[in-house]
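Peer 1: Questions regarding the structure given below will be posed in turn.
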Amino acid sequence: RNEMEEIVSCTFAEVLGVTPVGIEDNFFEMGGHSLRATRVVNQIEAKTGVRLPLKTVFTAPTARLLAKEVEEAKVKAYIPIPQAEEKETYPMSSAQKRLYLINQLDDVGIAYNMPAGIKMYGSLDRGRMKYALEQLAIRHEALRTSFHMQDGEPVQKITQEVELELEYEERITEII
């Protein structure tokens with residue numbers, strides 16, 4: 001019926017992966033949940049500049065009701081986080097500096113490691129696994145970040161190229 005209802009209906013469709021979405025269709029009855037509701041709130045803000053509290057999706061779960069909430073909300077300009085300029089090194093945050101210095105004092109410490117094991121059944125396609133991990137590292141700068149000392153100051157470097165070595169232990173267990 002109006003542009004805002006269309007924006008909200010299209011957002012529901014994108015987040016839920018269903019079409020069509022009518023203005024009276026209930027987000028949660030179509031498969032929505034709290035994580036998807038968060039995506040709806042973020043996408044509506046990106047499209048309209050209006051930041052709604054997450055609870056609004058729960059109290060106004062149809063496109064018609066949510067569109068009305070957006071229109072009634074105080075409009076704030078959407079300001080995306082600017083992308084940092086590309087440099088060879090970046091200063092560390094104070095938390096990163098603390099962890100770096102603690103690690104330098106006790107290099108064998110594993111207090112901040114998060115080890116995990118994955119039990120898999122069947123054969124592993126090593127090439128596909130390596131490719132998937134490399135794509136993950138390409139997408140997330142934190143996985144390509146390393147820490148160094150430069151001119152007496154701790155700095156972080158973000159590499160652009162990623163080549164991973166995949167190590168695994170193959171165990172064959174017979175079940176009798």
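The way I read the labels, and the way they are meant: chains A, B, ... in the order of the structure tokens, residue 1 as the first residue of every chain, and ligand 1 as the first ligand shown, with later ones counted on from there.
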Any idea what's packed within 10 Å of Ile138 in chain A, counting only C-alpha atoms, ignoring anything in its chain fewer than 6 positions away? Could you give it as a ChimeraX atom specification?
Peer 2: /A:132,144,159-163
Peer 1: Residues within 7 Å of range 84-89 of chain A, please, as a list in words. Count only C-alpha atoms; anything in the same chain fewer than 3 positions from it doesn't count.
Peer 2: Val155, Gln156 and Lys157 of chain A
Peer 1: Would you write out those residues with C-alpha atoms, as a JSON list (two decimals), in the first residue's frame?
Peer 2:
```
[["chain", "number", "residue", "atom", "x", "y", "z"],
["A", 155, "VAL", "CA", 51.50, -2.87, 15.70],
["A", 156, "GLN", "CA", 49.15, -5.09, 13.76],
["A", 157, "LYS", "CA", 49.52, -6.07, 10.13]]
```
Peer 1: Could you jot down the CA of His140 in chain A to CA of Ser123 in chain A separation for me, Å, one decimal place?
Peer 2: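 So the answer is 27.7 Å.
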Peer 1: Go through range 40-167 of chain A and collect every residue that DSSP, computed from the backbone, puts in helix (DSSP H, G or I); the answer should be as a PyMOL selection string.
Peer 2: chain A and resi 40-48+55-59+63-72+94-105+126-139+141-144
Peer 1: One decimal, in Å: what's the spacing between CA of Phe147 in chain A and CA of Asn113 in chain A?
Peer 2: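 We find that CA of Phe147 in chain A and CA of Asn113 in chain A lie 15.5 Å from each other.
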Peer 1: So that I can check the secondary structure, give me every residue of range 3-171 of chain A assigned strand (DSSP E) by backbone DSSP, as a list in words.
Peer 2: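 After running DSSP on the backbone, range 3-171 of chain A has strand (DSSP E) at Tyr90, Pro91, Thr145, Ser146, Phe147, His148, Met149, Gln150, Glu153, Pro154, Val155, Gln156, Lys157 and Ile158 of chain A.
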Peer 1: For Glu167 in chain A, work out the shell of residues within 10 Å, counting only C-alpha atoms and skipping chain neighbours fewer than 3 positions away, then give it as number ranges by chain.
Peer 2: A: 126, 130, 164, 170
Peer 1: Could those residues be written to a file, using N, CA and C atoms, as an mmCIF file, in the first residue's frame?
Peer 2:
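Writing done, so here's result01.cif:
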```
data_model
loop_
_atom_site.group_PDB
_atom_site.id
_atom_site.type_symbol
_atom_site.label_atom_id
_atom_site.label_comp_id
_atom_site.auth_asym_id
_atom_site.auth_seq_id
_atom_site.Cartn_x
_atom_site.Cartn_y
_atom_site.Cartn_z
ATOM 1 N N ARG A 126 40.395 -32.702 1.113
ATOM 2 C CA ARG A 126 41.342 -31.724 1.656
ATOM 3 C C ARG A 126 41.346 -30.431 0.856
ATOM 4 N N LYS A 130 40.488 -26.846 2.517
ATOM 5 C CA LYS A 130 41.473 -25.764 2.479
ATOM 6 C C LYS A 130 40.870 -24.531 1.816
ATOM 7 N N LEU A 164 46.890 -21.121 3.381
ATOM 8 C CA LEU A 164 46.871 -21.898 4.608
ATOM 9 C C LEU A 164 47.483 -23.264 4.392
ATOM 10 N N GLU A 170 44.705 -38.374 10.537
ATOM 11 C CA GLU A 170 43.705 -39.326 10.074
ATOM 12 C C GLU A 170 43.733 -40.553 10.976
#
```
Peer 1: For Tyr100 in chain A, which of A:Val50, A:Ile23, A:Ile7, A:Met149 is the closest residue, counting only C-alpha atoms?
Peer 2: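 Result for the nearest residue to Tyr100 in chain A: A:Met149.
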Peer 1: Using only C-alpha atoms, which residue out of A:Asp25, A:Glu165, A:Glu14, A:Glu69 lies closest to Met129 in chain A?
Peer 2: A:Glu165
Peer 1: Can you tell me which residues surround Val57 in chain A at a distance of at most 8 Å, considering only C-alpha atoms, apart from same-chain residues fewer than 3 positions away, and format the answer as a list in words?
Peer 2: Ala37, Val41, Pro53, Leu54, Ala60, Pro61 and Leu66 of chain A
Peer 1: Suppose you want the space between CA of Phe58 in chain A and CA of Asn26 in chain A; what is it in Å?
Peer 2: 9.9 Å
